[in-house]
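**Q** Sharing a structure here in structure tokens format.
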Amino acid sequence: MRHQKKTRKLGRTSQHRDAMLANIVASLIKHKRVKTTLAKAKAARPLAEKLVTLGKGGTLHDRRLAVAKIGQKDLVSKLFKEVAPGFKDRKGGYTRIIKLGPRQSDSAPVAFLEWVDYVVEAEVVHAAKSEKAPKTEKAKATKADKTESVEVEVVDTPGKKAKTPKE
């Protein structure tokens with residue numbers, strides 16, 4: 001039985017697992033959003049949150065611990081200068097996992113791992129479109145009147161049938 005065993009093994013050796021999770025968190029720091037499998041997102045989440053907690057501390061020792069986990073000094077400096085100060089008033093829960101459904105190739109559950117303060121521009125545009133008033137019948141009729149007829153010239157080529165435009 002696996003009681004009291006919280007490490008997700010993900011079918012990898014410990015060195016491979018640690019390197020993979022460090023790379024996922026490094027990508028999260030760099031791009032603010034990562035698309036990965038649900039199991040990997042759930043495994044990377046605690047590491048990302050612990051690194052933000054180190055970034056909030058801001059000491060040299062915290063910085064060296066973060067470099068030991070991630071291994072990329074430029075991303076650690078971005079973590080300490082940009083990411084962690086944004087969460088100074090927050091006591092935890094710096095990341096969110098958004099489930100996307102099964103992947104088409106192998107049906108593995110896929111999810112986004114992102115910072116909670118991450119805002120997608122497409123969601124803002126979608127929200128603006130949904131705030132518009134619903135179209136009335138008059139608006140639909142005027143739109144139909146505005147459509148233009150397009151003339152298409154059909155050229156016969158030898159050996160091929162000519163396509164006629166559908167109306």
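Residue numbering restarts at 1 in every chain; chains get A, B, ... in the order shown in the structure tokens, and ligands count up from 1 in that same order.
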Please run DSSP on the backbone and report, as a list in words, all residues within region 36-124 of chain A that come out as strand (DSSP E).
**A** Thr36, Thr37, Thr95, Arg96, Ile97, Ile98, Lys99, Leu100, Gly101, Pro102, Pro109, Val110, Ala111, Phe112, Leu113, Glu114 and Trp115 of chain A
**Q** At a cut-off of 7 Å, using only C-alpha atoms, what residues contact region 25-36 of chain A? Leave out same-chain residues fewer than 3 positions from it and give the result as a PyMOL selection string.
**A** chain A and resi 21-22+40-41+44+48+70+75+79+110-115+118
**Q** I need the residues from that last selection saved to file as a PDB file, in the first residue's frame (with N, CA and C atoms), if you can.
**A**
ATOM      1  N   LEU A  21      10.491  18.441 -13.861  1.00  0.00           N
ATOM      2  CA  LEU A  21       9.684  19.377 -13.081  1.00  0.00           C
ATOM      3  C   LEU A  21      10.374  20.740 -13.001  1.00  0.00           C
ATOM      4  N   ALA A  22      11.708  20.747 -12.890  1.00  0.00           N
ATOM      5  CA  ALA A  22      12.442  22.014 -12.887  1.00  0.00           C
ATOM      6  C   ALA A  22      12.261  22.734 -14.217  1.00  0.00           C
ATOM      7  N   LYS A  40       1.537  15.965 -14.599  1.00  0.00           N
ATOM      8  CA  LYS A  40       2.757  16.772 -14.499  1.00  0.00           C
ATOM      9  C   LYS A  40       2.461  18.138 -13.893  1.00  0.00           C
ATOM     10  N   ALA A  41       1.314  18.710 -14.241  1.00  0.00           N
ATOM     11  CA  ALA A  41       0.943  20.005 -13.667  1.00  0.00           C
ATOM     12  C   ALA A  41       0.746  19.889 -12.159  1.00  0.00           C
ATOM     13  N   ALA A  44       4.202  19.601 -10.598  1.00  0.00           N
ATOM     14  CA  ALA A  44       5.040  20.799 -10.673  1.00  0.00           C
ATOM     15  C   ALA A  44       4.512  21.928  -9.797  1.00  0.00           C
ATOM     16  N   ALA A  48       6.668  25.013  -7.851  1.00  0.00           N
ATOM     17  CA  ALA A  48       6.508  26.409  -8.265  1.00  0.00           C
ATOM     18  C   ALA A  48       6.117  27.284  -7.073  1.00  0.00           C
ATOM     19  N   ILE A  70      16.161  25.135  -9.884  1.00  0.00           N
ATOM     20  CA  ILE A  70      15.876  25.381 -11.302  1.00  0.00           C
ATOM     21  C   ILE A  70      17.120  25.210 -12.156  1.00  0.00           C
ATOM     22  N   LEU A  75      16.406  33.018 -14.992  1.00  0.00           N
ATOM     23  CA  LEU A  75      15.009  32.815 -14.601  1.00  0.00           C
ATOM     24  C   LEU A  75      14.817  33.014 -13.097  1.00  0.00           C
ATOM     25  N   LEU A  79      12.279  35.514 -11.409  1.00  0.00           N
ATOM     26  CA  LEU A  79      11.391  35.085 -10.331  1.00  0.00           C
ATOM     27  C   LEU A  79      11.455  36.064  -9.167  1.00  0.00           C
ATOM     28  N   VAL A 110      -5.042  16.910 -20.387  1.00  0.00           N
ATOM     29  CA  VAL A 110      -4.136  18.036 -20.538  1.00  0.00           C
ATOM     30  C   VAL A 110      -4.663  19.213 -19.734  1.00  0.00           C
ATOM     31  N   ALA A 111      -3.727  20.047 -19.229  1.00  0.00           N
ATOM     32  CA  ALA A 111      -4.126  21.191 -18.415  1.00  0.00           C
ATOM     33  C   ALA A 111      -3.135  22.333 -18.601  1.00  0.00           C
ATOM     34  N   PHE A 112      -3.590  23.553 -18.287  1.00  0.00           N
ATOM     35  CA  PHE A 112      -2.713  24.705 -18.196  1.00  0.00           C
ATOM     36  C   PHE A 112      -2.296  24.853 -16.744  1.00  0.00           C
ATOM     37  N   LEU A 113      -1.015  25.103 -16.515  1.00  0.00           N
ATOM     38  CA  LEU A 113      -0.503  25.500 -15.217  1.00  0.00           C
ATOM     39  C   LEU A 113      -0.105  26.955 -15.376  1.00  0.00           C
ATOM     40  N   GLU A 114      -0.725  27.860 -14.610  1.00  0.00           N
ATOM     41  CA  GLU A 114      -0.458  29.280 -14.780  1.00  0.00           C
ATOM     42  C   GLU A 114      -0.498  29.998 -13.443  1.00  0.00           C
ATOM     43  N   TRP A 115       0.074  31.209 -13.416  1.00  0.00           N
ATOM     44  CA  TRP A 115       0.014  32.035 -12.220  1.00  0.00           C
ATOM     45  C   TRP A 115      -1.406  32.549 -12.059  1.00  0.00           C
ATOM     46  N   TYR A 118      -2.316  35.770 -13.910  1.00  0.00           N
ATOM     47  CA  TYR A 118      -2.152  35.763 -15.359  1.00  0.00           C
ATOM     48  C   TYR A 118      -3.488  36.040 -16.023  1.00  0.00           C
TER      49      TYR A 118
END
**Q** Between CA of Gly55 (chain A) and CA of Ala84 (chain A), what distance in Å does the model show, to one decimal?
**A**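 Separation of CA of Gly55 (chain A) and CA of Ala84 (chain A): 5.2 Å.
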**Q** Write out as a PyMOL selection string which residues come within 10 Å of region 105-108 of chain A when counting only C-alpha atoms, dropping same-chain ones fewer than 6 positions away.
**A** chain A and resi 36-39
**Q** Find the distance between CA of Gly93 (chain A) and CA of Pro109 (chain A) and write it in Å to one decimal.
**A**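 These two atoms are separated by 22.1 Å.
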**Q** When distances are computed from only C-alpha atoms, which of A:Arg63, A:Asn23, A:Gly57, A:Lys9 shows the smallest separation from Ala43 (chain A)?
**A**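 For Ala43 (chain A), the nearest of the candidates is A:Lys9.
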**Q** Report, in Å to a single decimal, how far apart CA of Val116 (chain A) and CA of Thr95 (chain A) are.
**A**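 Going from CA of Thr95 (chain A) over to CA of Val116 (chain A), I get 5.2 Å.
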**Q** Run DSSP on the backbone of this structure and report the residues of region 33-122 of chain A it assigns to helix (DSSP H, G or I), as JSON, numbers by chain.
**A** {"A": [38, 39, 40, 41, 42, 43, 44, 45, 46, 47, 48, 49, 50, 51, 52, 53, 54, 55, 56, 57, 60, 61, 62, 63, 64, 65, 66, 67, 68, 69, 70, 73, 74, 75, 76, 77, 78, 79, 80, 81, 82, 83, 84, 85, 86, 87, 121, 122]}
**Q** Can you write out the residues you just picked, keeping N, CA and C atoms, as a short mmCIF file (atom, residue, chain, number, x, y, z; two decimals), in the first residue's frame?
**A**
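To be explicit, this is the file written out as result-v4.cif:
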data_model
loop_
_atom_site.label_atom_id
_atom_site.label_comp_id
_atom_site.auth_asym_id
_atom_site.auth_seq_id
_atom_site.Cartn_x
_atom_site.Cartn_y
_atom_site.Cartn_z
N LEU A 38 -2.06 16.72 -16.99
CA LEU A 38 -2.61 17.05 -15.68
C LEU A 38 -1.73 16.50 -14.56
N ALA A 39 -1.20 15.30 -14.72
CA ALA A 39 -0.36 14.71 -13.68
C ALA A 39 0.93 15.53 -13.50
N LYS A 40 1.54 15.96 -14.60
CA LYS A 40 2.76 16.77 -14.50
C LYS A 40 2.46 18.14 -13.89
N ALA A 41 1.31 18.71 -14.24
CA ALA A 41 0.94 20.00 -13.67
C ALA A 41 0.75 19.89 -12.16
N LYS A 42 0.10 18.81 -11.73
CA LYS A 42 -0.12 18.61 -10.30
C LYS A 42 1.19 18.35 -9.57
N ALA A 43 2.16 17.73 -10.26
CA ALA A 43 3.44 17.47 -9.64
C ALA A 43 4.32 18.72 -9.60
N ALA A 44 4.20 19.60 -10.60
CA ALA A 44 5.04 20.80 -10.67
C ALA A 44 4.51 21.93 -9.80
N ARG A 45 3.24 21.89 -9.48
CA ARG A 45 2.63 22.98 -8.71
C ARG A 45 3.30 23.23 -7.35
N PRO A 46 3.55 22.21 -6.51
CA PRO A 46 4.19 22.49 -5.23
C PRO A 46 5.59 23.09 -5.38
N LEU A 47 6.34 22.65 -6.38
CA LEU A 47 7.68 23.19 -6.60
C LEU A 47 7.60 24.67 -6.98
N ALA A 48 6.67 25.01 -7.85
CA ALA A 48 6.51 26.41 -8.27
C ALA A 48 6.12 27.28 -7.07
N GLU A 49 5.23 26.78 -6.24
CA GLU A 49 4.78 27.58 -5.10
C GLU A 49 5.89 27.75 -4.06
N LYS A 50 6.70 26.73 -3.87
CA LYS A 50 7.83 26.85 -2.94
C LYS A 50 8.86 27.84 -3.46
N LEU A 51 9.07 27.87 -4.78
CA LEU A 51 10.01 28.83 -5.34
C LEU A 51 9.51 30.26 -5.22
N VAL A 52 8.21 30.48 -5.34
CA VAL A 52 7.67 31.82 -5.14
C VAL A 52 7.85 32.24 -3.69
N THR A 53 7.66 31.31 -2.77
CA THR A 53 7.88 31.61 -1.35
C THR A 53 9.35 31.99 -1.12
N LEU A 54 10.28 31.30 -1.76
CA LEU A 54 11.69 31.68 -1.67
C LEU A 54 11.91 33.07 -2.26
N GLY A 55 11.26 33.34 -3.37
CA GLY A 55 11.39 34.65 -4.01
C GLY A 55 10.86 35.78 -3.16
N LYS A 56 9.83 35.51 -2.38
CA LYS A 56 9.29 36.52 -1.48
C LYS A 56 10.27 36.81 -0.34
N GLY A 57 11.06 35.80 0.06
CA GLY A 57 12.07 36.03 1.09
C GLY A 57 13.15 36.96 0.59
N LEU A 60 19.99 36.13 -0.08
CA LEU A 60 20.97 35.46 -0.92
C LEU A 60 20.84 33.94 -0.78
N HIS A 61 20.57 33.49 0.43
CA HIS A 61 20.39 32.05 0.65
C HIS A 61 19.19 31.53 -0.14
N ASP A 62 18.08 32.27 -0.12
CA ASP A 62 16.89 31.89 -0.88
C ASP A 62 17.19 31.83 -2.38
N ARG A 63 17.96 32.80 -2.86
CA ARG A 63 18.32 32.84 -4.27
C ARG A 63 19.17 31.62 -4.65
N ARG A 64 20.09 31.25 -3.79
CA ARG A 64 20.94 30.09 -4.08
C ARG A 64 20.14 28.79 -4.03
N LEU A 65 19.18 28.69 -3.12
CA LEU A 65 18.32 27.51 -3.08
C LEU A 65 17.48 27.41 -4.36
N ALA A 66 16.99 28.55 -4.86
CA ALA A 66 16.19 28.55 -6.09
C ALA A 66 17.05 28.16 -7.28
N VAL A 67 18.28 28.64 -7.35
CA VAL A 67 19.17 28.26 -8.45
C VAL A 67 19.47 26.77 -8.38
N ALA A 68 19.59 26.22 -7.17
CA ALA A 68 19.84 24.79 -7.03
C ALA A 68 18.65 23.97 -7.54
N LYS A 69 17.44 24.48 -7.38
CA LYS A 69 16.25 23.75 -7.86
C LYS A 69 16.06 23.90 -9.37
N ILE A 70 16.16 25.13 -9.88
CA ILE A 70 15.88 25.38 -11.30
C ILE A 70 17.12 25.21 -12.16
N LYS A 73 20.07 30.83 -13.78
CA LYS A 73 20.19 32.06 -13.00
C LYS A 73 19.33 33.20 -13.54
N ASP A 74 19.20 33.30 -14.85
CA ASP A 74 18.39 34.38 -15.41
C ASP A 74 16.92 34.25 -15.03
N LEU A 75 16.41 33.02 -14.99
CA LEU A 75 15.01 32.82 -14.60
C LEU A 75 14.82 33.01 -13.10
N VAL A 76 15.84 32.70 -12.32
CA VAL A 76 15.75 32.95 -10.87
C VAL A 76 15.69 34.45 -10.61
N SER A 77 16.47 35.22 -11.36
CA SER A 77 16.41 36.67 -11.17
C SER A 77 15.06 37.21 -11.61
N LYS A 78 14.47 36.65 -12.67
CA LYS A 78 13.12 37.06 -13.09
C LYS A 78 12.10 36.69 -12.02
N LEU A 79 12.28 35.51 -11.41
CA LEU A 79 11.39 35.08 -10.33
C LEU A 79 11.45 36.06 -9.17
N PHE A 80 12.66 36.47 -8.78
CA PHE A 80 12.83 37.33 -7.62
C PHE A 80 12.44 38.78 -7.90
N LYS A 81 12.60 39.24 -9.17
CA LYS A 81 12.33 40.65 -9.49
C LYS A 81 10.92 40.90 -9.99
N GLU A 82 10.33 39.94 -10.72
CA GLU A 82 9.03 40.18 -11.35
C GLU A 82 7.90 39.35 -10.77
N VAL A 83 8.10 38.05 -10.63
CA VAL A 83 7.01 37.15 -10.25
C VAL A 83 6.68 37.26 -8.76
N ALA A 84 7.68 37.07 -7.90
CA ALA A 84 7.44 37.03 -6.46
C ALA A 84 6.92 38.35 -5.88
N PRO A 85 7.41 39.53 -6.31
CA PRO A 85 6.85 40.76 -5.76
C PRO A 85 5.36 40.95 -6.05
N GLY A 86 4.87 40.34 -7.12
CA GLY A 86 3.44 40.42 -7.41
C GLY A 86 2.58 39.65 -6.42
N PHE A 87 3.19 38.74 -5.67
CA PHE A 87 2.45 37.92 -4.72
C PHE A 87 2.79 38.28 -3.27
N GLU A 121 -5.39 37.77 -23.05
CA GLU A 121 -6.02 38.83 -23.83
C GLU A 121 -7.27 38.32 -24.54
N ALA A 122 -7.28 37.07 -24.96
CA ALA A 122 -8.42 36.51 -25.68
C ALA A 122 -9.66 36.49 -24.78
#
